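Colleague: Structure file work20.pdb (PDB, C-alpha atoms) is given on the next line.
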ATOM      1  CA  LEU X  14       0.000   0.000   0.000
ATOM      2  CA  VAL X  15       1.181   3.500  -0.698
ATOM      3  CA  GLY X  16       2.504   5.067   2.483
ATOM      4  CA  ALA X  17       2.639   1.765   4.425
ATOM      5  CA  SER X  18       5.811   0.821   6.332
ATOM      6  CA  ALA X  19       8.162  -1.556   4.559
ATOM      7  CA  LEU X  20       9.101  -3.115   7.913
ATOM      8  CA  ALA X  21       7.580  -6.462   8.907
ATOM      9  CA  PRO X  22       5.431  -6.476  12.078
ATOM     10  CA  GLY X  23       7.526  -6.601  15.244
ATOM     11  CA  THR X  24      10.704  -5.199  13.668
ATOM     12  CA  THR X  25      12.299  -1.933  14.552
ATOM     13  CA  LYS X  26      14.011   0.527  12.288
ATOM     14  CA  ARG X  27      17.785   0.224  12.322
ATOM     15  CA  PRO X  28      19.546   3.520  13.080
ATOM     16  CA  THR X  29      21.177   5.117  10.090
ATOM     17  CA  ARG X  30      24.959   5.317  10.351
ATOM     18  CA  ARG X  31      26.378   8.791  10.121
ATOM     19  CA  GLY X  32      27.980   9.201   6.710
ATOM     20  CA  ALA X  33      26.094   6.328   5.070
ATOM     21  CA  ILE X  34      25.831   6.623   1.286
ATOM     22  CA  ARG X  35      22.448   7.903   0.192
ATOM     23  CA  PRO X  36      21.093   8.115  -3.362
ATOM     24  CA  ALA X  37      22.034  11.385  -4.983
ATOM     25  CA  ALA X  38      19.195  13.741  -5.794
ATOM     26  CA  ALA X  39      18.235  13.779  -9.445
ATOM     27  CA  VAL X  40      19.969  16.599 -11.264
ATOM     28  CA  ALA X  41      18.383  18.039 -14.372
ATOM     29  CA  THR X  42      20.639  17.780 -17.411
ATOM     30  CA  PRO X  43      21.086  21.194 -19.029
ATOM     31  CA  ARG X  44      19.435  21.530 -22.425
ATOM     32  CA  ARG X  45      21.939  21.343 -25.289
ATOM     33  CA  ASP X  46      20.620  21.720 -28.829
ATOM     34  CA  ALA X  47      22.574  19.424 -31.146
ATOM     35  CA  LEU X  48      22.514  21.892 -34.031
ATOM     36  CA  ASP X  49      24.188  24.565 -31.880
ATOM     37  CA  ASP X  50      26.687  22.330 -30.082
ATOM     38  CA  ALA X  51      30.301  22.010 -31.222
ATOM     39  CA  ASP X  52      30.658  18.620 -29.503
ATOM     40  CA  PHE X  53      27.781  17.209 -31.575
ATOM     41  CA  TRP X  54      29.309  18.354 -34.863
ATOM     42  CA  ARG X  55      32.776  17.172 -33.888
ATOM     43  CA  GLY X  56      31.460  13.688 -33.084
ATOM     44  CA  LEU X  57      29.402  13.539 -36.278
ATOM     45  CA  CYS X  58      32.392  14.545 -38.404
ATOM     46  CA  GLU X  59      34.508  11.828 -36.810
ATOM     47  CA  ALA X  60      31.758   9.228 -37.423
ATOM     48  CA  VAL X  61      31.210  10.200 -41.067
ATOM     49  CA  TYR X  62      34.832  10.795 -42.017
ATOM     50  CA  ASP X  63      36.247   7.734 -40.306
ATOM     51  CA  GLY X  64      39.458   7.575 -42.303
ATOM     52  CA  GLN X  65      37.826   5.709 -45.177
ATOM     53  CA  GLN X  66      35.215   8.133 -46.480
ATOM     54  CA  ALA X  67      36.110  10.563 -49.258
ATOM     55  CA  ALA X  68      34.899  14.147 -49.029
ATOM     56  CA  LEU X  69      31.129  14.705 -49.322
ATOM     57  CA  PRO X  70      30.788  18.366 -50.400
ATOM     58  CA  ARG X  71      26.956  18.383 -50.432
ATOM     59  CA  PHE X  72      26.784  16.801 -46.993
ATOM     60  CA  ASP X  73      29.253  19.392 -45.687
ATOM     61  CA  GLU X  74      27.028  22.141 -47.122
ATOM     62  CA  PHE X  75      24.003  20.484 -45.507
ATOM     63  CA  CYS X  76      25.809  20.619 -42.144
ATOM     64  CA  ALA X  77      26.572  24.312 -42.710
ATOM     65  CA  ASN X  78      22.852  24.906 -43.395
ATOM     66  CA  CYS X  79      22.022  23.141 -40.124
ATOM     67  CA  ARG X  80      24.372  25.377 -38.148
ATOM     68  CA  ASP X  81      22.891  28.560 -39.625
ATOM     69  CA  GLN X  82      20.950  30.148 -36.753
ATOM     70  CA  GLY X  83      18.349  31.812 -38.940
ATOM     71  CA  PRO X  84      14.567  31.381 -38.797
ATOM     72  CA  ALA X  85      13.162  27.982 -37.827
ATOM     73  CA  LEU X  86      11.507  27.644 -41.258
ATOM     74  CA  ARG X  87      12.978  28.855 -44.551
ATOM     75  CA  ARG X  88      11.478  29.036 -48.036
ATOM     76  CA  LEU X  89      13.795  27.933 -50.846
ATOM     77  CA  SER X  90      13.705  29.395 -54.358
ATOM     78  CA  SER X  91      11.966  26.179 -55.487
ATOM     79  CA  GLY X  92       9.039  26.882 -53.133
ATOM     80  CA  GLN X  93      10.022  24.150 -50.665
ATOM     81  CA  VAL X  94       9.755  25.074 -46.987
ATOM     82  CA  VAL X  95      12.424  23.517 -44.795
ATOM     83  CA  ALA X  96      13.686  23.414 -41.239
ATOM     84  CA  ARG X  97      17.270  24.290 -40.279
ATOM     85  CA  ASP X  98      18.223  20.636 -40.700
ATOM     86  CA  GLY X  99      16.046  20.014 -43.759
ATOM     87  CA  HIS X 100      17.906  21.645 -46.665
ATOM     88  CA  TYR X 101      20.166  19.219 -48.505
ATOM     89  CA  PRO X 102      21.564  21.045 -51.545
ATOM     90  CA  GLY X 103      21.724  19.918 -55.150
ATOM     91  CA  LEU X 104      18.674  17.633 -55.225
ATOM     92  CA  ALA X 105      15.997  17.672 -57.931
ATOM     93  CA  ALA X 106      12.776  19.228 -56.640
ATOM     94  CA  HIS X 107       9.270  18.337 -57.904
ATOM     95  CA  PRO X 108       6.039  18.243 -55.860
ATOM     96  CA  VAL X 109       4.941  15.128 -57.803
ATOM     97  CA  TRP X 110       7.471  12.950 -59.631
ATOM     98  CA  ASP X 111       6.336  12.105 -63.172
ATOM     99  CA  ALA X 112       8.666   9.113 -63.617
ATOM    100  CA  PRO X 113       8.204   6.901 -60.534
ATOM    101  CA  PRO X 114      10.835   4.246 -59.791
ATOM    102  CA  LYS X 115      10.337   0.588 -60.700
ATOM    103  CA  TRP X 116       9.757  -0.503 -57.109
ATOM    104  CA  LEU X 117       6.643   1.683 -56.991
ATOM    105  CA  PHE X 118       5.074  -0.436 -59.738
ATOM    106  CA  GLY X 119       5.782  -3.501 -57.596
ATOM    107  CA  LEU X 120       3.915  -1.919 -54.693
ATOM    108  CA  ARG X 121       1.031  -1.108 -57.018
ATOM    109  CA  LEU X 122       0.716  -4.732 -58.137
ATOM    110  CA  GLN X 123       0.682  -5.930 -54.531
ATOM    111  CA  ALA X 124      -1.612  -3.203 -53.148
ATOM    112  CA  PRO X 125      -4.591  -5.604 -52.678
ATOM    113  CA  GLN X 126      -2.410  -7.946 -50.572
ATOM    114  CA  ILE X 127      -1.096  -4.991 -48.541
ATOM    115  CA  ALA X 128      -4.688  -3.866 -47.895
ATOM    116  CA  ASP X 129      -5.707  -7.398 -46.856
ATOM    117  CA  GLU X 130      -2.888  -7.572 -44.316
ATOM    118  CA  MET X 131      -3.816  -4.205 -42.833
ATOM    119  CA  SER X 132      -7.470  -5.286 -42.618
ATOM    120  CA  GLU X 133      -6.464  -8.450 -40.766
ATOM    121  CA  VAL X 134      -4.403  -6.464 -38.245
ATOM    122  CA  LEU X 135      -7.246  -4.022 -37.607
ATOM    123  CA  PHE X 136      -9.777  -6.844 -37.296
ATOM    124  CA  GLU X 137      -7.600  -8.663 -34.749
ATOM    125  CA  ARG X 138      -6.992  -5.507 -32.728
ATOM    126  CA  ALA X 139     -10.721  -4.802 -32.691
ATOM    127  CA  ARG X 140     -11.429  -8.404 -31.595
ATOM    128  CA  LEU X 141      -9.010  -7.965 -28.705
ATOM    129  CA  ARG X 142     -10.417  -4.512 -28.003
ATOM    130  CA  ALA X 143      -7.000  -3.049 -28.588
ATOM    131  CA  GLU X 144      -8.006  -0.629 -31.325
ATOM    132  CA  GLY X 145      -7.504   2.403 -29.078
ATOM    133  CA  GLY X 146      -3.992   3.683 -29.545
ATOM    134  CA  ALA X 147      -3.420   1.911 -32.848
ATOM    135  CA  TRP X 148      -4.073   5.030 -34.875
ATOM    136  CA  ARG X 149      -2.305   8.237 -33.899
ATOM    137  CA  ASP X 150      -3.822  11.498 -35.091
ATOM    138  CA  GLY X 151      -1.883  14.668 -35.704
ATOM    139  CA  PHE X 152       1.086  13.266 -33.803
ATOM    140  CA  LEU X 153       3.659  15.380 -35.637
ATOM    141  CA  TYR X 154       1.811  18.613 -34.942
ATOM    142  CA  GLY X 155       0.446  18.256 -31.424
ATOM    143  CA  GLY X 156      -3.144  17.414 -32.376
ATOM    144  CA  ALA X 157      -4.056  20.961 -33.444
ATOM    145  CA  ALA X 158      -7.325  21.540 -35.279
ATOM    146  CA  GLY X 159      -7.201  20.086 -38.763
ATOM    147  CA  TYR X 160      -4.279  17.752 -38.071
ATOM    148  CA  ARG X 161      -6.543  15.380 -36.150
ATOM    149  CA  ASN X 162      -8.162  14.549 -39.493
ATOM    150  CA  PHE X 163      -5.196  12.398 -40.482
ATOM    151  CA  GLU X 164      -4.368   9.261 -38.512
ATOM    152  CA  LEU X 165      -1.278   7.091 -38.774
ATOM    153  CA  PHE X 166      -0.587   3.439 -37.957
ATOM    154  CA  GLU X 167       3.185   3.012 -37.785
ATOM    155  CA  VAL X 168       4.848  -0.110 -39.217
ATOM    156  CA  ARG X 169       8.501   0.811 -38.886
ATOM    157  CA  THR X 170      10.459   4.018 -38.454
ATOM    158  CA  ALA X 171      14.078   5.119 -38.609
ATOM    159  CA  ALA X 172      14.301   4.353 -34.870
ATOM    160  CA  SER X 173      11.923   1.423 -34.313
ATOM    161  CA  ALA X 174      10.540  -1.667 -36.045
ATOM    162  CA  ARG X 175       8.395  -2.883 -33.148
ATOM    163  CA  ARG X 176       5.226  -3.241 -35.255
ATOM    164  CA  ALA X 177       6.908  -4.718 -38.319
ATOM    165  CA  ALA X 178       6.288  -8.273 -37.095
ATOM    166  CA  SER X 179       2.539  -7.659 -37.487
ATOM    167  CA  PHE X 180       3.052  -6.965 -41.198
ATOM    168  CA  PRO X 181       5.290  -9.766 -42.513
ATOM    169  CA  ALA X 182       3.958  -9.617 -46.071
ATOM    170  CA  THR X 183       4.237  -5.833 -46.388
ATOM    171  CA  THR X 184       7.717  -5.603 -44.892
ATOM    172  CA  ALA X 185       8.952  -8.599 -46.925
ATOM    173  CA  LEU X 186       7.632  -6.907 -50.072
ATOM    174  CA  LEU X 187       9.446  -3.661 -49.257
ATOM    175  CA  ASP X 188      12.665  -5.598 -48.717
ATOM    176  CA  SER X 189      12.331  -7.757 -51.836
ATOM    177  CA  LEU X 190      11.693  -4.706 -54.024
ATOM    178  CA  GLU X 191      14.686  -2.974 -52.393
ATOM    179  CA  VAL X 192      12.594   0.059 -51.518
ATOM    180  CA  PRO X 193      15.029   2.665 -50.091
ATOM    181  CA  ASP X 194      12.988   3.363 -46.951
ATOM    182  CA  GLY X 195      14.643   4.346 -43.704
ATOM    183  CA  PRO X 196      14.864   8.115 -43.339
ATOM    184  CA  ARG X 197      11.548   8.575 -41.531
ATOM    185  CA  ILE X 198       8.583   6.212 -41.466
ATOM    186  CA  VAL X 199       6.621   3.405 -43.100
ATOM    187  CA  GLY X 200       2.993   3.289 -42.052
ATOM    188  CA  PHE X 201      -0.669   3.214 -42.978
ATOM    189  CA  GLY X 202      -2.531   6.505 -43.058
ATOM    190  CA  ARG X 203      -6.188   7.347 -43.216
ATOM    191  CA  GLN X 204      -7.830  10.691 -43.885
ATOM    192  CA  ARG X 205     -11.172  11.176 -42.181
ATOM    193  CA  PRO X 206     -14.308  11.675 -44.295
ATOM    194  CA  ASP X 207     -15.057  15.148 -45.659
ATOM    195  CA  SER X 208     -11.877  16.695 -44.247
ATOM    196  CA  ALA X 209      -8.516  18.250 -45.058
ATOM    197  CA  LEU X 210      -5.266  19.061 -43.288
ATOM    198  CA  PRO X 211      -3.814  22.548 -42.814
ATOM    199  CA  VAL X 212      -1.333  23.361 -45.567
ATOM    200  CA  HIS X 213       2.099  22.492 -44.173
ATOM    201  CA  SER X 214       5.547  21.159 -45.063
ATOM    202  CA  ASP X 215       7.364  18.094 -43.770
ATOM    203  CA  LYS X 216      10.503  20.278 -43.893
ATOM    204  CA  ALA X 217      13.198  17.983 -45.355
ATOM    205  CA  THR X 218      14.311  17.954 -48.999
ATOM    206  CA  TYR X 219      16.248  14.682 -48.770
ATOM    207  CA  VAL X 220      13.103  12.572 -48.118
ATOM    208  CA  LEU X 221      10.436  11.671 -50.689
ATOM    209  CA  THR X 222       7.221   9.790 -49.892
ATOM    210  CA  ALA X 223       5.519   7.019 -51.833
ATOM    211  CA  HIS X 224       1.725   6.979 -51.471
ATOM    212  CA  VAL X 225       0.055   3.666 -52.293
ATOM    213  CA  PRO X 226      -3.758   4.112 -52.220
ATOM    214  CA  LEU X 227      -5.654   1.183 -50.724
ATOM    215  CA  ASP X 228      -9.181  -0.179 -50.958
ATOM    216  CA  LEU X 229      -9.702  -1.005 -47.304
ATOM    217  CA  LEU X 230     -12.931  -1.280 -45.333
ATOM    218  CA  HIS X 231     -12.999  -1.782 -41.599
ATOM    219  CA  GLU X 232     -15.666  -1.901 -38.905
ATOM    220  CA  ASP X 233     -14.412   1.274 -37.232
ATOM    221  CA  ASP X 234     -14.737   3.329 -40.430
ATOM    222  CA  ALA X 235     -17.110   5.793 -38.765
ATOM    223  CA  ALA X 236     -15.194   8.946 -37.834
ATOM    224  CA  PRO X 237     -15.893  10.982 -34.695
ATOM    225  CA  ALA X 238     -18.049  14.053 -35.218
ATOM    226  CA  PRO X 239     -15.947  17.224 -35.591
ATOM    227  CA  ASP X 240     -15.807  19.374 -32.460
ATOM    228  CA  ALA X 241     -16.243  23.167 -32.409
ATOM    229  CA  GLU X 242     -12.545  23.797 -33.021
ATOM    230  CA  GLU X 243     -12.516  21.475 -36.017
ATOM    231  CA  LEU X 244     -15.696  23.008 -37.448
ATOM    232  CA  ALA X 245     -14.115  26.462 -37.165
ATOM    233  CA  PHE X 246     -11.018  25.200 -39.001
ATOM    234  CA  ARG X 247     -13.113  23.760 -41.831
ATOM    235  CA  LEU X 248     -15.135  26.966 -42.142
ATOM    236  CA  ASP X 249     -11.961  29.057 -42.365
ATOM    237  CA  PHE X 250     -10.102  26.760 -44.782
ATOM    238  CA  LYS X 251      -8.705  28.922 -47.585
ATOM    239  CA  LEU X 252      -7.912  26.539 -50.445
ATOM    240  CA  ASP X 253     -10.076  25.453 -53.368
ATOM    241  CA  LEU X 254      -9.562  21.674 -53.340
ATOM    242  CA  PRO X 255     -10.641  19.137 -55.996
ATOM    243  CA  SER X 256     -14.377  18.555 -55.853
ATOM    244  CA  ASP X 257     -14.212  14.787 -55.390
ATOM    245  CA  GLY X 258     -11.950  11.892 -54.448
ATOM    246  CA  ALA X 259      -9.027  12.007 -52.037
ATOM    247  CA  GLY X 260      -5.339  12.752 -52.242
ATOM    248  CA  LEU X 261      -2.584  15.295 -51.743
ATOM    249  CA  ALA X 262      -2.820  18.889 -53.022
ATOM    250  CA  PHE X 263       0.132  21.296 -53.186
ATOM    251  CA  ALA X 264      -0.084  25.069 -52.776
ATOM    252  CA  ASP X 265       2.253  27.952 -51.961
ATOM    253  CA  LEU X 266       2.282  29.686 -48.565
ATOM    254  CA  ASP X 267       2.251  33.402 -47.801
ATOM    255  CA  ASP X 268       5.334  35.345 -46.670
ATOM    256  CA  ALA X 269       4.665  34.354 -43.057
ATOM    257  CA  LEU X 270       4.587  30.663 -44.108
ATOM    258  CA  ALA X 271       1.216  30.419 -42.393
ATOM    259  CA  GLU X 272      -1.615  30.509 -44.956
ATOM    260  CA  PRO X 273      -1.985  29.192 -48.529
ATOM    261  CA  VAL X 274      -2.008  31.728 -51.354
ATOM    262  CA  GLY X 275      -3.050  31.346 -54.977
ATOM    263  CA  GLY X 276      -4.386  28.186 -56.537
ATOM    264  CA  LEU X 277      -3.234  24.599 -56.433
ATOM    265  CA  ARG X 278       0.293  23.911 -57.624
ATOM    266  CA  ALA X 279      -0.161  20.160 -58.167
ATOM    267  CA  VAL X 280      -2.404  17.261 -57.117
ATOM    268  CA  ALA X 281      -1.516  13.631 -56.396
ATOM    269  CA  GLN X 282      -4.801  11.737 -56.201
ATOM    270  CA  TRP X 283      -5.242   8.665 -54.016
ATOM    271  CA  HIS X 284      -8.847   7.727 -54.862
ATOM    272  CA  ASP X 285     -11.404   8.772 -57.457
ATOM    273  CA  ALA X 286     -14.953   9.933 -56.753
ATOM    274  CA  THR X 287     -16.163   6.354 -56.210
ATOM    275  CA  GLY X 288     -13.378   5.522 -53.767
ATOM    276  CA  ARG X 289     -11.447   3.387 -56.271
ATOM    277  CA  PRO X 290      -7.698   3.493 -55.517
ATOM    278  CA  LEU X 291      -5.571   5.157 -58.185
ATOM    279  CA  PRO X 292      -1.939   4.374 -59.122
ATOM    280  CA  PRO X 293       0.713   5.109 -56.466
ATOM    281  CA  THR X 294       2.603   8.398 -56.575
ATOM    282  CA  LEU X 295       5.990   9.636 -55.412
ATOM    283  CA  VAL X 296       5.837  13.108 -53.875
ATOM    284  CA  ASP X 297       8.083  15.656 -52.190
ATOM    285  CA  THR X 298       6.339  16.813 -49.025
ATOM    286  CA  SER X 299       8.853  19.572 -48.363
ATOM    287  CA  PHE X 300       6.581  21.478 -50.778
ATOM    288  CA  PRO X 301       3.605  22.886 -48.812
ATOM    289  CA  HIS X 302       0.650  20.531 -49.140
ATOM    290  CA  THR X 303      -2.594  19.282 -47.654
ATOM    291  CA  ALA X 304      -4.241  15.857 -47.614
ATOM    292  CA  TYR X 305      -7.958  15.843 -48.360
ATOM    293  CA  ASN X 306     -10.889  13.425 -48.580
ATOM    294  CA  ARG X 307     -14.113  14.578 -50.236
ATOM    295  CA  ARG X 308     -16.120  11.440 -49.484
ATOM    296  CA  ALA X 309     -18.694  12.011 -46.766
ATOM    297  CA  ASN X 310     -18.889   8.527 -45.268
ATOM    298  CA  ARG X 311     -15.550   6.735 -45.729
ATOM    299  CA  HIS X 312     -11.944   7.186 -44.705
ATOM    300  CA  ALA X 313      -9.319   7.327 -47.446
ATOM    301  CA  TYR X 314      -6.604   4.723 -46.730
ATOM    302  CA  VAL X 315      -3.036   4.832 -48.034
ATOM    303  CA  LEU X 316       0.309   3.155 -47.413
ATOM    304  CA  LEU X 317       3.009   5.785 -46.788
ATOM    305  CA  VAL X 318       6.658   4.928 -47.408
ATOM    306  CA  ASP X 319       9.278   7.613 -46.777
ATOM    307  CA  VAL X 320      12.352   6.995 -48.937
ATOM    308  CA  TRP X 321      15.743   8.570 -49.495
ATOM    309  CA  HIS X 322      15.846  11.075 -52.348
ATOM    310  CA  PRO X 323      17.115   9.225 -55.462
ATOM    311  CA  ASP X 324      19.823  11.854 -56.126
ATOM    312  CA  LEU X 325      21.627  10.892 -52.899
ATOM    313  CA  SER X 326      24.635   8.587 -53.184
ATOM    314  CA  GLU X 327      24.989   5.584 -50.874
ATOM    315  CA  GLU X 328      27.688   7.478 -48.965
ATOM    316  CA  GLU X 329      25.396  10.498 -48.529
ATOM    317  CA  ARG X 330      22.558   8.269 -47.274
ATOM    318  CA  ARG X 331      24.940   6.726 -44.753
ATOM    319  CA  ALA X 332      26.065  10.180 -43.589
ATOM    320  CA  LEU X 333      22.477  11.404 -43.246
ATOM    321  CA  ALA X 334      21.482   8.252 -41.344
ATOM    322  CA  LEU X 335      24.376   8.886 -38.944
ATOM    323  CA  PHE X 336      23.223  12.482 -38.556
ATOM    324  CA  GLN X 337      19.664  11.393 -37.751
ATOM    325  CA  ALA X 338      20.722   8.668 -35.292
ATOM    326  CA  ARG X 339      23.208  10.869 -33.451
ATOM    327  CA  LYS X 340      20.742  13.779 -33.281
ATOM    328  CA  LEU X 341      18.089  11.454 -31.833
ATOM    329  CA  GLY X 342      20.570  10.125 -29.280
ATOM    330  CA  TRP X 343      21.650  13.665 -28.410
ATOM    331  CA  SER X 344      18.034  14.669 -27.782
ATOM    332  CA  ALA X 345      17.706  11.755 -25.330
ATOM    333  CA  LEU X 346      20.850  12.856 -23.469
ATOM    334  CA  TYR X 347      19.935  16.549 -23.390
ATOM    335  CA  PRO X 348      16.141  16.730 -23.617
ATOM    336  CA  ALA X 349      14.133  19.900 -23.993
ATOM    337  CA  PRO X 350      12.530  21.236 -20.788
ATOM    338  CA  GLY X 351       9.434  19.278 -19.813
ATOM    339  CA  LEU X 352      10.482  16.048 -21.579
TER     340      LEU X 352
END
When written as structure tokens, how does the structure in this file appear?

Modeller:
Amino acid sequence: LVGASALAPGTTKRPTRRGAIRPAAAVATPRRDALDDADFWRGLCEAVYDGQQAALPRFDEFCANCRDQGPALRRLSSGQVVARDGHYPGLAAHPVWDAPPKWLFGLRLQAPQIADEMSEVLFERARLRAEGGAWRDGFLYGGAAGYRNFELFEVRTAASARRAASFPATTALLDSLEVPDGPRIVGFGRQRPDSALPVHSDKATYVLTAHVPLDLLHEDDAAPAPDAEELAFRLDFKLDLPSDGAGLAFADLDDALAEPVGGLRAVAQWHDATGRPLPPTLVDTSFPHTAYNRRANRHAYVLLVDVWHPDLSEEERRALALFQARKLGWSALYPAPGL
């Protein structure tokens, strides 16, 4: 019981010896931002250039961009919006790639099997009443209005593969096709009925995302009714989206990088007006974009696979993976206040 004595009945407390060692009080570790810390960059340089690696001029320029203490978000001449650690120079930039790689056709052919596996996982979780917590909504953006409309079921990430065992067919397919995933996440997404996301950027030019639309029905397909905050967001939404179907729409942001301006720059459709899945697309989500679903009574389901940009060499991918891993480890050692 909380507050009860740990001594057995009839025992007496032994006097504490003067000078006995007691546990030290927890001391808060001072916050140290990796991007502003010389020790972080020194260690990264030693890990990347380990005596074997030739010079990587673009990676060195990327590191210089990271150390630039300018605004948190920056707009590039291409229209991409990036974070301090999101601008890798010299990479081709297109919102939607017109010539998708061969492995994307392999994912298209196997999309029905991928959807079946996801359906089985959801059915089993529902049977065990474990559905709560499977989908995460707005997790990258703190659950603000609008972002709750998109939910994610993680399969594997750059840091964890704990759910991959539940998807043996999907993960085996990714491996057999040699899909270059790894920089961020592989997961299933669903956009709630009659909804859209705020226009935003995923802030990194060295990651592209494959979207594989799925035909997937599940018993929990009913979405929660929008609350007052969500209704206000939908009423104030300032972008003229396609009139039917579901997908990704790209638009420019204003000078404050807060609101969309002008018309749509490009569209990558997931489903048509009837809900039929369309061919997969490869997109660059460092361009400002929104996900939308015009259907009133069904979620729009999609497999999301973040991949390394095809212009990166194997050595550059290795260097970026080291950067990501060491930055994640640094954040664990020197967390932000409140974490």

Colleague: What do you get, as a list of chain:residue names, if you spell out every residue that the PyMOL selection byres ((chain X and resi 208) around 6) selects here?

Modeller: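 Here the PyMOL selection byres ((chain X and resi 208) around 6) matches X:Arg205, X:Pro206, X:Asp207, X:Ala209, X:Tyr305, X:Asn306.
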
Colleague: Find, counting only C-alpha atoms, the residue in X:Pro84, X:Pro301, X:Pro113, X:Pro290 that gets nearest to Asp267 (chain X).

Modeller: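 Smallest distance to Asp267 (chain X) is found for X:Pro301.
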
Colleague: Neighbours of Trp110 (chain X) within 9 Å (only C-alpha atoms; same-chain residues fewer than 6 positions away dropped), as a PyMOL selection string?

Modeller: chain X and resi 294-297

Colleague: Those residues you just picked out, can you put them in a file as a short mmCIF file (atom, residue, chain, number, x, y, z; two decimals), keeping the file's coordinate frame with C-alpha atoms?

Modeller:
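Heads up, here's the output in selection_17.cif:
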data_model
loop_
_atom_site.label_atom_id
_atom_site.label_comp_id
_atom_site.auth_asym_id
_atom_site.auth_seq_id
_atom_site.Cartn_x
_atom_site.Cartn_y
_atom_site.Cartn_z
CA THR X 294 2.60 8.40 -56.58
CA LEU X 295 5.99 9.64 -55.41
CA VAL X 296 5.84 13.11 -53.88
CA ASP X 297 8.08 15.66 -52.19
#

Colleague: Can you sort out the box for region 208-225 of chain X, edges along x, y and z, all listed atoms in, 4 Å on every side, with centre and edge lengths in Å to one decimal, as AutoDock Vina command-line options?

Modeller:
--center_x 2.2 --center_y 13.5 --center_z -47.6 --size_x 36.1 --size_y 27.7 --size_z 17.5

Colleague: Given all atoms listed in the file, how would the per-residue table for region 307-347 of chain X near region 70-81 of chain X read, listing every residue at most 8 Å away with its closest atom pair and distance in Å to one decimal, sorted by chain and number, as CSV?

Modeller:
residue,atom,partner,partner_atom,distance
X:Glu329,CA,X:Phe72,CA,6.6
X:Ala332,CA,X:Phe72,CA,7.5
X:Leu333,CA,X:Phe72,CA,7.9

Colleague: Run the PyMOL selection byres ((chain X and resi 187-199) around 6) against the file shown and list the residues it catches, as a list in words.

Modeller: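 Residues picked by the PyMOL selection byres ((chain X and resi 187-199) around 6): Trp116, Val168, Arg169, Thr170, Ala171, Thr184, Ala185, Leu186, Gly200, Leu317, Val318, Asp319, Val320 and Trp321 of chain X.
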
Colleague: With region 211-230 of chain X as the partner and 9 Å as the cut-off, tabulate the residues of region 267-340 of chain X that qualify, each row holding the nearest pair of atoms and their distance in Å to one decimal, using all atoms listed in the file, sorted by chain and rising number, as a Markdown table.

Modeller:
| residue | atom | partner | partner_atom | distance |
| --- | --- | --- | --- | --- |
| X:Leu270 | CA | X:His213 | CA | 8.5 |
| X:Ala271 | CA | X:Val212 | CA | 8.1 |
| X:Glu272 | CA | X:Val212 | CA | 7.2 |
| X:Pro273 | CA | X:Val212 | CA | 6.6 |
| X:Ala281 | CA | X:His224 | CA | 8.9 |
| X:Gln282 | CA | X:Pro226 | CA | 8.7 |
| X:Trp283 | CA | X:Pro226 | CA | 5.1 |
| X:His284 | CA | X:Pro226 | CA | 6.8 |
| X:Gly288 | CA | X:Asp228 | CA | 7.6 |
| X:Arg289 | CA | X:Asp228 | CA | 6.8 |
| X:Pro290 | CA | X:Pro226 | CA | 5.2 |
| X:Leu291 | CA | X:Pro226 | CA | 6.3 |
| X:Pro292 | CA | X:Pro226 | CA | 7.1 |
| X:Pro293 | CA | X:Val225 | CA | 4.5 |
| X:Thr294 | CA | X:His224 | CA | 5.4 |
| X:Leu295 | CA | X:Ala223 | CA | 4.5 |
| X:Val296 | CA | X:Thr222 | CA | 5.4 |
| X:Asp297 | CA | X:Leu221 | CA | 4.9 |
| X:Thr298 | CA | X:Asp215 | CA | 5.5 |
| X:Ser299 | CA | X:Lys216 | CA | 4.8 |
| X:Phe300 | CA | X:Ser214 | CA | 5.8 |
| X:Pro301 | CA | X:Ser214 | CA | 4.6 |
| X:His302 | CA | X:Val212 | CA | 5.0 |
| X:Thr303 | CA | X:Val212 | CA | 4.8 |
| X:Ala304 | CA | X:Pro211 | CA | 8.2 |
| X:Arg311 | CA | X:Leu230 | CA | 8.4 |
| X:His312 | CA | X:Leu230 | CA | 8.5 |
| X:Ala313 | CA | X:Leu227 | CA | 7.9 |
| X:Tyr314 | CA | X:Leu227 | CA | 5.4 |
| X:Val315 | CA | X:Pro226 | CA | 4.3 |
| X:Leu316 | CA | X:Val225 | CA | 4.9 |
| X:Leu317 | CA | X:His224 | CA | 5.0 |
| X:Val318 | CA | X:Ala223 | CA | 5.0 |
| X:Asp319 | CA | X:Thr222 | CA | 4.3 |
| X:Val320 | CA | X:Leu221 | CA | 5.3 |
| X:Trp321 | CA | X:Val220 | CA | 5.0 |
| X:His322 | CA | X:Tyr219 | CA | 5.1 |
| X:Pro323 | CA | X:Leu221 | CA | 8.6 |
| X:Asp324 | CA | X:Tyr219 | CA | 8.7 |
| X:Leu325 | CA | X:Tyr219 | CA | 7.8 |
| X:Leu333 | CA | X:Tyr219 | CA | 8.9 |

Colleague: Please expand the PyMOL selection byres ((chain X and resi 46-60) around 12) into the concrete residues it hits in this file, giving the result as a PyMOL selection string.

Modeller: chain X and resi 43-45+61-66+68-69+72-73+75-83+85+96-99+331-350

Colleague: Within 12 Å of region 253-263 of chain X, which residues of region 32-140 of chain X show up? Give each one with its shortest atom-to-atom distance in Å (one decimal) and the two atoms involved, counting only C-alpha atoms, rows by chain then rising residue number, as a tab-separated table.

Modeller:
residue	atom	partner	partner_atom	distance
X:Gly92	CA	X:Phe263	CA	10.5
X:Gln93	CA	X:Phe263	CA	10.6
X:His107	CA	X:Phe263	CA	10.7
X:Pro108	CA	X:Phe263	CA	7.2
X:Val109	CA	X:Phe263	CA	9.1

Colleague: Calculate how many Å separate CA of Pro102 (chain X) from CA of Glu328 (chain X), rounding to one decimal.

Modeller: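 CA of Glu328 (chain X) lies at a distance of 15.1 Å from CA of Pro102 (chain X).
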